[in-house]
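Participant: First the structure, which I've put down as structure tokens, then a few questions once you've had a look.
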Amino acid sequence: MPVSVSRRTLLASGAAASLVPGVARAEPRTLRIAMTMADIPLTTGQANQGSEGQRFMGVTVYDGMINFGLSRADIAAPLVPGLALSWEVDAATKTVWTFKLRPGVKFHDGSAFDADAVVWNLDKLIKRDAPHYDQAQATQGATYVATIASYRALDPTTVEITTHTPDAVFPYQVPYLYISSPARWKALGGDWNKFAQTPSGTGPWVLDSFTPRDRALLHRNASYWDTARIPKCERLVLLAMPDATTRVSALLSGQVNWIEAPPPDAVPQLKAAGMNITTNVYPHVWPYQLSTLPTSPFHDVRVRKAANLAIDRDGLVKLLGGLAVPARGMVQATHPWFGKPTFDIRYDPDQAKKLLREAGYGPDKRVQVKFLISTAGSGQMQPLPMNEFVQENLKDVGIDVSFDTMDWESLRARRRAGCEAPENKGADALNNSWSFPDPFNGLIGTSWSIKKPPKGVNWGSYNDPVADEIAAKAQAEFDTAKQNELLAQLHTRIVDQSMWVWVVHDLNPRAMAPNVKGFVSAQSWLQDLTPVSVE
Amino acid sequence: MHLYILRRLLYTIPIIIGVSLVCFSFIHLAPGDPINSVLPEQASAEVVAQIKAAYGFDKPLPIQYLKWFSNVLSGDFGLSIMTRRPVLSEVGPAVAHTALLAVSATLLSFLLGTSLGLVAGMTTRRVTDRSVTAFSVVGISLPHYWLGMVMVVIFAVKMRMLPATGMGPAGADLTQFGIEDIKHLLLPAVTLAMIPTGIIARSVRATVAEVRRQDFVQTLKGKGLRRPRMFLHVIKNAAPPAIAIMGLQFAQLLGGSILVETVFSWPGTGFLLNAAISTRDLPLLQGTVIVLATFFVLTNVLVDIVQTLIDPRVRRA
């Protein structure tokens with residue numbers, strides 16, 4: 001039996017008492033969070049279940065060599081030193097990265113973190129014949145290690161990683177490579193299932209036990225290497241609650257003091273009950289990725305622009321209870337990559353109709369398009385009412401939309417296949433929420449014509465020589481400031497060309513009991529729970 | 001009798017094989033791939049192919065099925081795609097959690113349903129009968145999901161008497177069971193018991209009313225048998241069909257309720273199935289279905305045997 005299901009531990013720890021109404025207030029230093037996931041994510045290092053899995057079982061228990069700085073709400077989360085103090089690329093080859101590691105860091109089990117541990121962790125994801133190669137973690141980490149050609153320890157505090165080609169965005173992949181303890185794995189007889197029960201990382205929280213599909217119990221790592229980030233709360237209880245209404249009830253009844261993603265229609269009730277709703281922009285956009293194949297009406301930039309101008313984003317935000325902001329491009333206007341687009345994405349149905357007329361459409365020849373949408377899914381917000389809202393907007397200007405509705409996993413598979421795949425024949429757009437935590441996924445991979453699936457994430461086969469040239473330069477620019485300038489140019493270009501229809505940015509809502517203090521809503525899919533206290 | 005039991009047990013084999021085959025086929029008929037949920041967001045074709053091969057999904061479907069089923073026969077249900085934990089270790093605790101809920105709901109519904117049904121059956125066409133019938137119809141018609149949420153709002157959110165979600169600290173370990181565990185159990189058990197209570201009450205009422213109309217009851221009445229003695233005769237004759245209904249209800253409850261377990265975040269088989277379906281976790285889904293199907297079939301066999309013991313006419317039929 002691989003999983004510890006020790007509820008006696010829970011009783012003994014006193015955390016159980018905090019899980020029932022009436023007793024909750026007796027355990028003021030326990031943070032109890034209702035997650036949207038139906039199961040506890042993988043605990044061995046590379047968490048599964050997407051960004052939420054990493055938010056609660058990645059950056060809590062583990063560190064990367066580079067971390068995201070999650071302490072500020074007013075800027076996009078930057079890269080900051082984690083288990084590495086510094087990193088630099090070889091000026092001549094641009095492929096050899098040297099990481100100087102932080103000395104004196106210990107895993108939860110007391111063993112020392114060093115360069116061998118980094119190599120061991122890369123082996124667990126890459127080296128298929130290594131005794132500790134773990135398919136589950138390798139699957140989760142595959143994207144982040146794809147660019148790595150080789151790696152080695154130069155000395156106990158120096159690691160060298162070589163990429164296949166010059167890759168300036170490689171450091172953005174490193175935070176997602178979580179470092180597990182080799183010593184703990186060996187002590188448990190080299191069994192990842194046993195490791196999952198009592199995992200050991202270097203992170204600010206230590207996992208005590210978990211019950212699949214129910215809860216995980218963690219306590220703070222009092223000897224965390226970053227003393228400024230030693231958790232304020234003594235305990236952390238993570239509860240799997242996929243149903244939004246259930247989460248709201250759990251918060252209102254005092255069973256938890258924090259819920260992820262409250263549904264918009266519950267926000268007034270939560271506020272009336274004295275709960276705090278935290279929101280902030282983060283690298284998320286709810287778009288329609290457009291097929292630009294000659295067979296699609298969206299091949300014509302005027303139709304793409306018309307679709308962007310037809311949507312009443314303020315009305316949609318109202319529908320969402322204010323838990324979103326209108327999008328003016330892939331990234332928010334305050335983002336360093338926004339640039340200076342001349343095409344202003346706004347609600348202007350008259351201009352939309354004019355553009356459609358110029359493109360040869362009118363009352364007798366309406367635009368007919370098919371959108372692929374999902375019923376639910378990570379980051380998809382409220383896909384059905386939102387899509388119906390947009391459908392009405394587009395109909396008003398002369399674009400008739402039919403939906404091909406499917407479940408989330410099917411939609412992801414259709415996205416991964418690209419618009420040219422046989423199964424996507426006749427599809428003009430795909431409504432897949434998008435994350436832009438790094439330059440490749442945000443701008444380069446989506447707009448560069450050579451990055452059509454399976455090589456990249458350019459679903460719509462967007463092909464623009466100007467964008468291609470800037471994307472290539474940005475991919476090869478290792479100076480962050482210069483790279484940001486190029487990315488701003490690229491963003492300007494794709495907005496001016498209406499590469500996609502960008503609709504809204506989600507505001508990453510959370511609801512918290514009034515006694516929860518100190519949370520800073522970072523502009524990131526990840527969040528830092530260490531400064532949070534329960535008074 | 002032994003031959004009868006053996007025959008009933010042998011019938012279960014083709015049923016379970018059939019269930020596994022249908023489940024396997026339906027999952028593969030659905031669009032998408034079983035490994036979709038574990039693929040990284042921007043997985044390249046190479047990565048997809050590599051992961052497919054690692055999980056054995058690059059083989060033809062009949063081979064995949066035969067390999068899986070032969071492993072199941074040797075007790076190996078495979079590994080969950082999502083968690084890489086053995087399927088049996090996932091299903092085992094979930095079945096225990098659901099069993100706790102199902103047994104509680106069953107006891108509630110048996111007691112309440114039988115009592116109400118008997119009262120209604122013995123007082124046909126009177127106010128009590130009509131009240132019980134109305135209650136049963138309401139019980140059967142109310143959606144689980146809605147009732148669960150309403151009860152949470154009343155008892156957890158407004159009155160703060162009971163917890164809104166989750167299991168108690170003892171889980172399914174009855175030796176550790178305490179007042180907090182009962183508190184956690186109450187709302188989901190009552191929610192889950194509503195429909196079976198209605199069904200059992202209606203069935204028992206109909207059976208009792210029918211038995212009461214039979215000649216032997218009139219004869220007993222004519223002979224001046226006292227009401228309590230006559231009641232016993234009625235119950236004895238009404239029991240087999242009522243037990244059959246109860247058996248079916250128990251088997252269904254044991255299968256878990258996706259909606260009720262999701263509303264209450266109860267980590268049972270319904271919750272497990274929900275997670276397995278939404279993530280296309282094929283081994284977990286197949287393993288859970290096969291275990292539940294086996295439970296369902298065996299419960300029915302058990303009910304058949306109990307019925308036979310009570311009423312030998314069933315065996316002869």
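Naming scheme: A, B, ... for chains in displayed order of the structure tokens; residues 1 onward per chain; ligands 1 onward as shown.
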I want to know what sits within 9 Å of stretch 194-210 of chain A, based on only C-alpha atoms, with residues of the same chain fewer than 6 positions away left out; could you give that as a VMD selection string?

Facilitator: chain A and resid 1 to 7 9 to 10 40 42 to 45 57 to 63 83 105 to 109 113 178 to 185 188 216 to 226 229 to 231 235 to 236 530

Participant: Could you take the residues named above and write them with N, CA and C atoms, as a short mmCIF file (atom, residue, chain, number, x, y, z; two decimals), in the first residue's frame?

Facilitator:
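File written: part01.cif
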```
data_model
loop_
_atom_site.label_atom_id
_atom_site.label_comp_id
_atom_site.auth_asym_id
_atom_site.auth_seq_id
_atom_site.Cartn_x
_atom_site.Cartn_y
_atom_site.Cartn_z
N MET A 1 0.86 -1.20 0.00
CA MET A 1 0.00 0.00 0.00
C MET A 1 0.89 1.24 0.00
N PRO A 2 0.84 2.01 -1.02
CA PRO A 2 1.81 3.07 -1.15
C PRO A 2 1.48 4.35 -0.41
N VAL A 3 0.24 4.51 -0.01
CA VAL A 3 -0.13 5.82 0.52
C VAL A 3 -0.47 5.74 1.98
N SER A 4 0.14 6.61 2.74
CA SER A 4 -0.18 6.68 4.15
C SER A 4 -1.53 7.35 4.32
N VAL A 5 -2.43 6.67 4.95
CA VAL A 5 -3.75 7.24 5.15
C VAL A 5 -3.96 7.35 6.65
N SER A 6 -3.03 8.01 7.28
CA SER A 6 -3.03 7.99 8.72
C SER A 6 -3.87 9.12 9.29
N ARG A 7 -5.09 8.78 9.62
CA ARG A 7 -5.93 9.78 10.26
C ARG A 7 -5.61 9.87 11.75
N THR A 9 -2.61 10.12 12.82
CA THR A 9 -1.62 11.21 12.83
C THR A 9 -2.31 12.55 12.87
N LEU A 10 -3.37 12.60 12.06
CA LEU A 10 -4.11 13.84 11.96
C LEU A 10 -4.74 14.19 13.31
N ILE A 40 -5.18 15.04 -4.40
CA ILE A 40 -3.94 15.66 -3.96
C ILE A 40 -2.92 15.45 -5.08
N LEU A 42 0.65 14.95 -7.21
CA LEU A 42 1.82 14.10 -6.95
C LEU A 42 2.72 14.79 -5.94
N THR A 43 3.21 14.04 -4.98
CA THR A 43 3.98 14.65 -3.88
C THR A 43 5.48 14.41 -4.02
N THR A 44 5.91 13.74 -5.08
CA THR A 44 7.30 13.31 -5.16
C THR A 44 8.26 14.40 -5.67
N GLY A 45 7.72 15.49 -6.19
CA GLY A 45 8.57 16.55 -6.72
C GLY A 45 7.89 17.27 -7.86
N MET A 57 1.62 21.78 -4.23
CA MET A 57 2.51 20.68 -3.87
C MET A 57 3.88 20.83 -4.53
N GLY A 58 4.08 21.92 -5.28
CA GLY A 58 5.39 22.18 -5.87
C GLY A 58 6.15 23.17 -5.02
N VAL A 59 5.75 24.43 -5.09
CA VAL A 59 6.51 25.49 -4.41
C VAL A 59 6.32 25.47 -2.89
N THR A 60 5.45 24.64 -2.38
CA THR A 60 5.31 24.51 -0.93
C THR A 60 6.40 23.60 -0.36
N VAL A 61 6.53 22.42 -0.93
CA VAL A 61 7.43 21.40 -0.38
C VAL A 61 8.82 21.48 -1.02
N TYR A 62 8.88 22.01 -2.22
CA TYR A 62 10.14 21.97 -2.98
C TYR A 62 10.58 23.37 -3.42
N ASP A 63 11.81 23.43 -3.90
CA ASP A 63 12.34 24.63 -4.55
C ASP A 63 12.91 24.21 -5.89
N LEU A 83 17.52 27.71 -5.29
CA LEU A 83 18.63 26.90 -4.79
C LEU A 83 19.93 27.27 -5.51
N VAL A 105 22.28 24.53 2.25
CA VAL A 105 20.85 24.20 2.24
C VAL A 105 20.66 22.72 2.60
N LYS A 106 19.67 22.44 3.43
CA LYS A 106 19.38 21.05 3.83
C LYS A 106 17.99 20.65 3.33
N PHE A 107 17.88 19.38 2.99
CA PHE A 107 16.55 18.83 2.70
C PHE A 107 15.81 18.63 4.02
N HIS A 108 14.52 18.37 3.93
CA HIS A 108 13.72 18.16 5.15
C HIS A 108 14.27 17.00 5.99
N ASP A 109 14.92 16.05 5.34
CA ASP A 109 15.45 14.89 6.07
C ASP A 109 16.81 15.17 6.68
N PHE A 113 21.93 19.58 0.39
CA PHE A 113 21.68 19.83 -1.03
C PHE A 113 22.99 20.25 -1.69
N TYR A 178 11.68 20.75 -9.88
CA TYR A 178 11.70 20.71 -8.41
C TYR A 178 12.71 19.66 -7.92
N ILE A 179 13.42 20.03 -6.88
CA ILE A 179 14.53 19.20 -6.41
C ILE A 179 14.11 18.34 -5.21
N SER A 180 14.08 17.02 -5.42
CA SER A 180 13.73 16.07 -4.35
C SER A 180 15.01 15.55 -3.69
N SER A 181 14.86 14.95 -2.53
CA SER A 181 16.03 14.51 -1.78
C SER A 181 16.49 13.11 -2.20
N PRO A 182 17.71 13.00 -2.74
CA PRO A 182 18.24 11.66 -3.07
C PRO A 182 18.39 10.79 -1.83
N ALA A 183 18.79 11.41 -0.71
CA ALA A 183 19.03 10.63 0.51
C ALA A 183 17.74 9.97 1.00
N ARG A 184 16.62 10.72 0.96
CA ARG A 184 15.34 10.14 1.41
C ARG A 184 14.94 8.99 0.50
N TRP A 185 15.12 9.18 -0.81
CA TRP A 185 14.75 8.13 -1.77
C TRP A 185 15.54 6.85 -1.49
N LEU A 188 14.53 5.01 1.65
CA LEU A 188 13.26 4.29 1.54
C LEU A 188 13.35 3.13 0.55
N ALA A 216 -4.31 16.91 2.46
CA ALA A 216 -2.87 16.78 2.74
C ALA A 216 -2.57 17.64 3.96
N LEU A 217 -1.73 17.12 4.84
CA LEU A 217 -1.38 17.83 6.07
C LEU A 217 0.10 18.19 6.02
N LEU A 218 0.40 19.47 6.20
CA LEU A 218 1.78 19.93 6.15
C LEU A 218 2.08 20.75 7.40
N HIS A 219 3.34 20.81 7.76
CA HIS A 219 3.74 21.74 8.82
C HIS A 219 4.90 22.59 8.30
N ARG A 220 5.14 23.69 9.00
CA ARG A 220 6.14 24.61 8.47
C ARG A 220 7.56 24.07 8.67
N ASN A 221 8.42 24.43 7.75
CA ASN A 221 9.82 24.07 7.85
C ASN A 221 10.52 25.21 8.61
N ALA A 222 10.69 25.02 9.91
CA ALA A 222 11.22 26.10 10.77
C ALA A 222 12.67 26.42 10.43
N SER A 223 13.34 25.50 9.74
CA SER A 223 14.74 25.78 9.40
C SER A 223 14.91 26.03 7.90
N TYR A 224 13.87 26.61 7.29
CA TYR A 224 13.93 26.91 5.85
C TYR A 224 15.10 27.86 5.57
N TRP A 225 15.79 27.60 4.46
CA TRP A 225 17.02 28.37 4.16
C TRP A 225 16.74 29.86 3.97
N ASP A 226 15.57 30.21 3.46
CA ASP A 226 15.22 31.62 3.29
C ASP A 226 14.46 32.05 4.54
N ARG A 229 11.18 33.76 4.61
CA ARG A 229 10.00 33.04 4.10
C ARG A 229 9.67 31.82 4.96
N ILE A 230 10.08 31.81 6.20
CA ILE A 230 9.62 30.73 7.09
C ILE A 230 8.13 30.97 7.35
N PRO A 231 7.29 29.98 7.10
CA PRO A 231 5.84 30.21 7.17
C PRO A 231 5.38 30.77 8.51
N ARG A 235 0.66 25.16 10.63
CA ARG A 235 0.18 24.02 9.85
C ARG A 235 -0.57 24.49 8.62
N LEU A 236 -0.56 23.62 7.65
CA LEU A 236 -1.28 23.88 6.41
C LEU A 236 -2.08 22.62 6.07
N THR A 530 3.72 31.44 2.52
CA THR A 530 4.52 31.62 3.74
C THR A 530 4.18 32.89 4.53
#
```

Participant: Please identify all polymer residues within 8 Å of A:Leu355, counting only C-alpha atoms, omitting same-chain residues fewer than 2 positions from it, and present them as an NGL selection string.

Facilitator: :A and (302-303 or 305-306 or 351-353 or 357-359)

Participant: Please find the residues of chain B near chain A - the criterion being any atom within 8 Å, counting only C-alpha atoms - and write them as a PyMOL selection string.

Facilitator: chain B and resi 31-33+36-45+47+51+54+82-86+89-90+149+152-153+156-158+160-166+169-171+180+262-267+271-272+275+278-279

Participant: Selected residues, C-alpha atoms, written as an mmCIF file, in the first residue's frame, please.

Facilitator:
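Once written, result.cif looks like this:
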```
data_model
loop_
_atom_site.group_PDB
_atom_site.id
_atom_site.type_symbol
_atom_site.label_atom_id
_atom_site.label_comp_id
_atom_site.auth_asym_id
_atom_site.auth_seq_id
_atom_site.Cartn_x
_atom_site.Cartn_y
_atom_site.Cartn_z
ATOM 1 C CA PRO B 31 -12.498 11.298 -28.326
ATOM 2 C CA GLY B 32 -8.999 12.019 -27.080
ATOM 3 C CA ASP B 33 -6.358 9.852 -25.553
ATOM 4 C CA ASN B 36 -4.102 13.452 -22.374
ATOM 5 C CA SER B 37 -4.445 14.465 -18.777
ATOM 6 C CA VAL B 38 -0.838 13.693 -17.908
ATOM 7 C CA LEU B 39 0.706 15.201 -21.001
ATOM 8 C CA PRO B 40 2.532 18.434 -20.347
ATOM 9 C CA GLU B 41 0.815 21.476 -21.844
ATOM 10 C CA GLN B 42 3.230 21.884 -24.717
ATOM 11 C CA ALA B 43 4.259 18.271 -25.213
ATOM 12 C CA SER B 44 5.971 17.617 -28.519
ATOM 13 C CA ALA B 45 5.068 14.657 -30.738
ATOM 14 C CA VAL B 47 7.220 13.333 -25.892
ATOM 15 C CA ILE B 51 4.750 8.624 -22.887
ATOM 16 C CA ALA B 54 5.681 4.009 -21.457
ATOM 17 C CA MET B 82 -2.444 10.241 -12.881
ATOM 18 C CA THR B 83 -0.816 9.175 -9.633
ATOM 19 C CA ARG B 84 1.195 6.064 -10.592
ATOM 20 C CA ARG B 85 -0.201 4.478 -7.438
ATOM 21 C CA PRO B 86 -1.498 0.886 -7.707
ATOM 22 C CA SER B 89 -4.601 0.894 -3.309
ATOM 23 C CA GLU B 90 -6.753 3.698 -4.729
ATOM 24 C CA MET B 149 -26.766 21.599 -1.016
ATOM 25 C CA VAL B 152 -25.543 22.071 3.825
ATOM 26 C CA VAL B 153 -26.910 25.615 3.711
ATOM 27 C CA ALA B 156 -23.718 23.794 8.125
ATOM 28 C CA VAL B 157 -23.827 27.393 6.920
ATOM 29 C CA LYS B 158 -26.838 28.837 8.792
ATOM 30 C CA ARG B 160 -23.381 25.635 12.061
ATOM 31 C CA MET B 161 -24.472 22.354 13.629
ATOM 32 C CA LEU B 162 -22.753 20.010 11.205
ATOM 33 C CA PRO B 163 -19.678 20.179 8.968
ATOM 34 C CA ALA B 164 -20.292 21.002 5.317
ATOM 35 C CA THR B 165 -17.875 18.579 3.702
ATOM 36 C CA GLY B 166 -15.417 15.757 4.095
ATOM 37 C CA PRO B 169 -10.963 12.257 11.430
ATOM 38 C CA ALA B 170 -11.339 8.483 11.860
ATOM 39 C CA GLY B 171 -12.125 7.913 8.188
ATOM 40 C CA GLU B 180 -17.139 14.198 15.046
ATOM 41 C CA THR B 262 -18.789 15.442 -4.958
ATOM 42 C CA VAL B 263 -21.138 17.799 -3.097
ATOM 43 C CA PHE B 264 -19.799 16.585 0.228
ATOM 44 C CA SER B 265 -16.198 15.985 -0.941
ATOM 45 C CA TRP B 266 -16.554 12.437 0.374
ATOM 46 C CA PRO B 267 -13.528 10.479 -0.859
ATOM 47 C CA PHE B 271 -15.619 10.795 -6.112
ATOM 48 C CA LEU B 272 -12.939 8.440 -7.436
ATOM 49 C CA ALA B 275 -11.840 12.084 -10.946
ATOM 50 C CA SER B 278 -12.523 13.714 -15.941
ATOM 51 C CA THR B 279 -8.855 12.818 -16.262
#
```

Participant: Return as a short mmCIF file (atom, residue, chain, number, x, y, z; two decimals) with N, CA and C atoms, in the first residue's frame the full set of residues in stretch 19-108 of chain B whose backbone-based DSSP assignment is alpha helix (DSSP H).

Facilitator:
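Wrote out-v6.cif, looks like this:
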```
data_model
loop_
_atom_site.label_atom_id
_atom_site.label_comp_id
_atom_site.auth_asym_id
_atom_site.auth_seq_id
_atom_site.Cartn_x
_atom_site.Cartn_y
_atom_site.Cartn_z
N VAL B 19 -18.98 -6.60 -18.43
CA VAL B 19 -18.87 -5.23 -17.91
C VAL B 19 -17.50 -4.64 -18.25
N SER B 20 -16.46 -5.45 -18.05
CA SER B 20 -15.11 -4.95 -18.31
C SER B 20 -14.93 -4.61 -19.79
N LEU B 21 -15.51 -5.45 -20.64
CA LEU B 21 -15.37 -5.24 -22.08
C LEU B 21 -16.11 -3.98 -22.52
N VAL B 22 -17.33 -3.82 -22.01
CA VAL B 22 -18.13 -2.63 -22.37
C VAL B 22 -17.43 -1.37 -21.88
N CYS B 23 -16.96 -1.42 -20.63
CA CYS B 23 -16.28 -0.25 -20.05
C CYS B 23 -15.05 0.11 -20.87
N PHE B 24 -14.25 -0.88 -21.19
CA PHE B 24 -13.02 -0.66 -21.96
C PHE B 24 -13.35 -0.05 -23.32
N SER B 25 -14.38 -0.61 -23.98
CA SER B 25 -14.72 -0.14 -25.33
C SER B 25 -15.23 1.30 -25.29
N PHE B 26 -16.12 1.59 -24.35
CA PHE B 26 -16.71 2.93 -24.27
C PHE B 26 -15.65 4.00 -24.02
N ILE B 27 -14.71 3.66 -23.16
CA ILE B 27 -13.68 4.65 -22.86
C ILE B 27 -12.86 4.96 -24.10
N HIS B 28 -12.60 3.91 -24.88
CA HIS B 28 -11.79 4.14 -26.08
C HIS B 28 -12.59 4.75 -27.22
N LEU B 29 -13.93 4.66 -27.13
CA LEU B 29 -14.75 5.30 -28.15
C LEU B 29 -14.76 6.82 -27.97
N ALA B 45 5.49 15.97 -30.25
CA ALA B 45 5.07 14.66 -30.74
C ALA B 45 5.96 13.56 -30.18
N GLU B 46 7.24 13.87 -30.06
CA GLU B 46 8.20 12.89 -29.52
C GLU B 46 7.84 12.52 -28.09
N VAL B 47 7.56 13.56 -27.30
CA VAL B 47 7.22 13.33 -25.89
C VAL B 47 5.93 12.52 -25.79
N VAL B 48 4.94 12.85 -26.65
CA VAL B 48 3.67 12.13 -26.62
C VAL B 48 3.90 10.65 -26.94
N ALA B 49 4.71 10.40 -27.98
CA ALA B 49 4.97 9.02 -28.38
C ALA B 49 5.69 8.27 -27.27
N GLN B 50 6.63 8.94 -26.65
CA GLN B 50 7.41 8.31 -25.58
C GLN B 50 6.52 7.95 -24.39
N ILE B 51 5.63 8.87 -24.03
CA ILE B 51 4.75 8.62 -22.89
C ILE B 51 3.73 7.53 -23.22
N LYS B 52 3.24 7.56 -24.46
CA LYS B 52 2.29 6.52 -24.88
C LYS B 52 2.91 5.13 -24.74
N ALA B 53 4.15 5.03 -25.21
CA ALA B 53 4.84 3.75 -25.15
C ALA B 53 5.06 3.33 -23.70
N ALA B 54 5.41 4.31 -22.86
CA ALA B 54 5.68 4.01 -21.46
C ALA B 54 4.45 3.45 -20.76
N TYR B 55 3.27 3.92 -21.16
CA TYR B 55 2.03 3.46 -20.53
C TYR B 55 1.39 2.28 -21.28
N LEU B 61 -5.75 -2.13 -29.51
CA LEU B 61 -6.71 -2.19 -28.41
C LEU B 61 -6.97 -3.61 -27.89
N PRO B 62 -7.18 -4.60 -28.76
CA PRO B 62 -7.43 -5.95 -28.22
C PRO B 62 -6.27 -6.44 -27.35
N ILE B 63 -5.05 -6.11 -27.77
CA ILE B 63 -3.88 -6.54 -26.99
C ILE B 63 -3.90 -5.84 -25.63
N GLN B 64 -4.21 -4.52 -25.67
CA GLN B 64 -4.27 -3.77 -24.41
C GLN B 64 -5.29 -4.39 -23.47
N TYR B 65 -6.46 -4.75 -24.03
CA TYR B 65 -7.52 -5.30 -23.18
C TYR B 65 -7.10 -6.65 -22.59
N LEU B 66 -6.59 -7.52 -23.47
CA LEU B 66 -6.22 -8.87 -23.01
C LEU B 66 -5.14 -8.80 -21.93
N LYS B 67 -4.17 -7.90 -22.17
CA LYS B 67 -3.08 -7.77 -21.20
C LYS B 67 -3.63 -7.29 -19.86
N TRP B 68 -4.50 -6.29 -19.94
CA TRP B 68 -5.07 -5.74 -18.70
C TRP B 68 -5.89 -6.81 -17.97
N PHE B 69 -6.75 -7.52 -18.71
CA PHE B 69 -7.65 -8.47 -18.05
C PHE B 69 -6.88 -9.65 -17.46
N SER B 70 -5.83 -10.09 -18.17
CA SER B 70 -5.05 -11.21 -17.61
C SER B 70 -4.32 -10.76 -16.35
N ASN B 71 -3.87 -9.49 -16.32
CA ASN B 71 -3.25 -8.97 -15.10
C ASN B 71 -4.25 -8.90 -13.96
N VAL B 72 -5.48 -8.49 -14.29
CA VAL B 72 -6.52 -8.39 -13.26
C VAL B 72 -6.77 -9.76 -12.64
N LEU B 73 -6.80 -10.78 -13.49
CA LEU B 73 -7.04 -12.13 -12.98
C LEU B 73 -5.96 -12.57 -12.00
N VAL B 87 -3.72 0.71 -8.64
CA VAL B 87 -5.16 0.97 -8.69
C VAL B 87 -5.87 0.40 -7.46
N LEU B 88 -5.45 -0.80 -7.05
CA LEU B 88 -6.12 -1.42 -5.90
C LEU B 88 -5.97 -0.57 -4.64
N SER B 89 -4.80 0.07 -4.50
CA SER B 89 -4.60 0.89 -3.31
C SER B 89 -5.42 2.18 -3.38
N GLU B 90 -5.86 2.54 -4.58
CA GLU B 90 -6.75 3.70 -4.73
C GLU B 90 -8.20 3.27 -4.46
N VAL B 91 -8.55 2.11 -5.05
CA VAL B 91 -9.94 1.67 -4.97
C VAL B 91 -10.28 1.19 -3.55
N GLY B 92 -9.34 0.50 -2.91
CA GLY B 92 -9.60 -0.08 -1.59
C GLY B 92 -10.13 0.92 -0.57
N PRO B 93 -9.36 1.99 -0.27
CA PRO B 93 -9.87 2.97 0.70
C PRO B 93 -11.16 3.63 0.23
N ALA B 94 -11.26 3.88 -1.09
CA ALA B 94 -12.48 4.53 -1.60
C ALA B 94 -13.70 3.64 -1.35
N VAL B 95 -13.53 2.33 -1.59
CA VAL B 95 -14.65 1.41 -1.33
C VAL B 95 -15.01 1.42 0.15
N ALA B 96 -13.98 1.44 1.02
CA ALA B 96 -14.25 1.47 2.47
C ALA B 96 -15.02 2.73 2.85
N HIS B 97 -14.61 3.87 2.27
CA HIS B 97 -15.29 5.13 2.60
C HIS B 97 -16.73 5.12 2.10
N THR B 98 -16.91 4.59 0.88
CA THR B 98 -18.27 4.54 0.34
C THR B 98 -19.11 3.53 1.11
N ALA B 99 -18.48 2.42 1.50
CA ALA B 99 -19.23 1.41 2.24
C ALA B 99 -19.77 1.99 3.54
N LEU B 100 -18.95 2.81 4.20
CA LEU B 100 -19.39 3.44 5.44
C LEU B 100 -20.64 4.30 5.18
N LEU B 101 -20.57 5.06 4.10
CA LEU B 101 -21.70 5.93 3.75
C LEU B 101 -22.90 5.08 3.31
N ALA B 102 -22.61 4.06 2.50
CA ALA B 102 -23.70 3.24 1.95
C ALA B 102 -24.41 2.46 3.06
N VAL B 103 -23.63 1.90 3.98
CA VAL B 103 -24.25 1.11 5.06
C VAL B 103 -25.11 2.04 5.93
N SER B 104 -24.57 3.22 6.23
CA SER B 104 -25.35 4.16 7.04
C SER B 104 -26.63 4.55 6.32
N ALA B 105 -26.49 4.90 5.04
CA ALA B 105 -27.68 5.30 4.27
C ALA B 105 -28.64 4.13 4.13
N THR B 106 -28.09 2.93 3.97
CA THR B 106 -28.94 1.75 3.82
C THR B 106 -29.74 1.51 5.11
N LEU B 107 -29.04 1.56 6.24
CA LEU B 107 -29.74 1.34 7.51
C LEU B 107 -30.85 2.36 7.69
N LEU B 108 -30.51 3.61 7.42
CA LEU B 108 -31.51 4.68 7.53
C LEU B 108 -32.70 4.41 6.63
#
```

Participant: Determine which residues of stretch 107-286 of chain A receive a DSSP assignment of strand (DSSP E), computed from the backbone, and state them as an NGL selection string.

Facilitator: :A and (148-155 or 158-163 or 205-211 or 215-220 or 235-240 or 258-260 or 276-278 or 284-286)

Participant: If we count only C-alpha atoms, what is near A:Val118 at a cut-off of 8 Å, once residues fewer than 3 positions away on the same chain are taken out, given as a short mmCIF file (atom, residue, chain, number, x, y, z; two decimals) with N, CA and C atoms, in the first residue's frame?

Facilitator:
```
data_model
loop_
_atom_site.label_atom_id
_atom_site.label_comp_id
_atom_site.auth_asym_id
_atom_site.auth_seq_id
_atom_site.Cartn_x
_atom_site.Cartn_y
_atom_site.Cartn_z
N ASP A 114 23.30 19.63 -2.83
CA ASP A 114 24.52 20.00 -3.55
C ASP A 114 24.37 19.72 -5.05
N ALA A 115 25.44 19.88 -5.77
CA ALA A 115 25.38 19.71 -7.23
C ALA A 115 25.01 18.28 -7.63
N ASN A 121 18.51 14.71 -9.72
CA ASN A 121 17.13 15.10 -10.03
C ASN A 121 16.90 15.22 -11.53
N LEU A 122 17.91 15.67 -12.26
CA LEU A 122 17.75 15.70 -13.72
C LEU A 122 17.72 14.28 -14.27
N VAL A 159 26.85 23.60 -11.08
CA VAL A 159 26.26 22.67 -12.05
C VAL A 159 26.30 23.32 -13.42
N ILE A 179 13.42 20.03 -6.88
CA ILE A 179 14.53 19.20 -6.41
C ILE A 179 14.11 18.34 -5.21
#
```
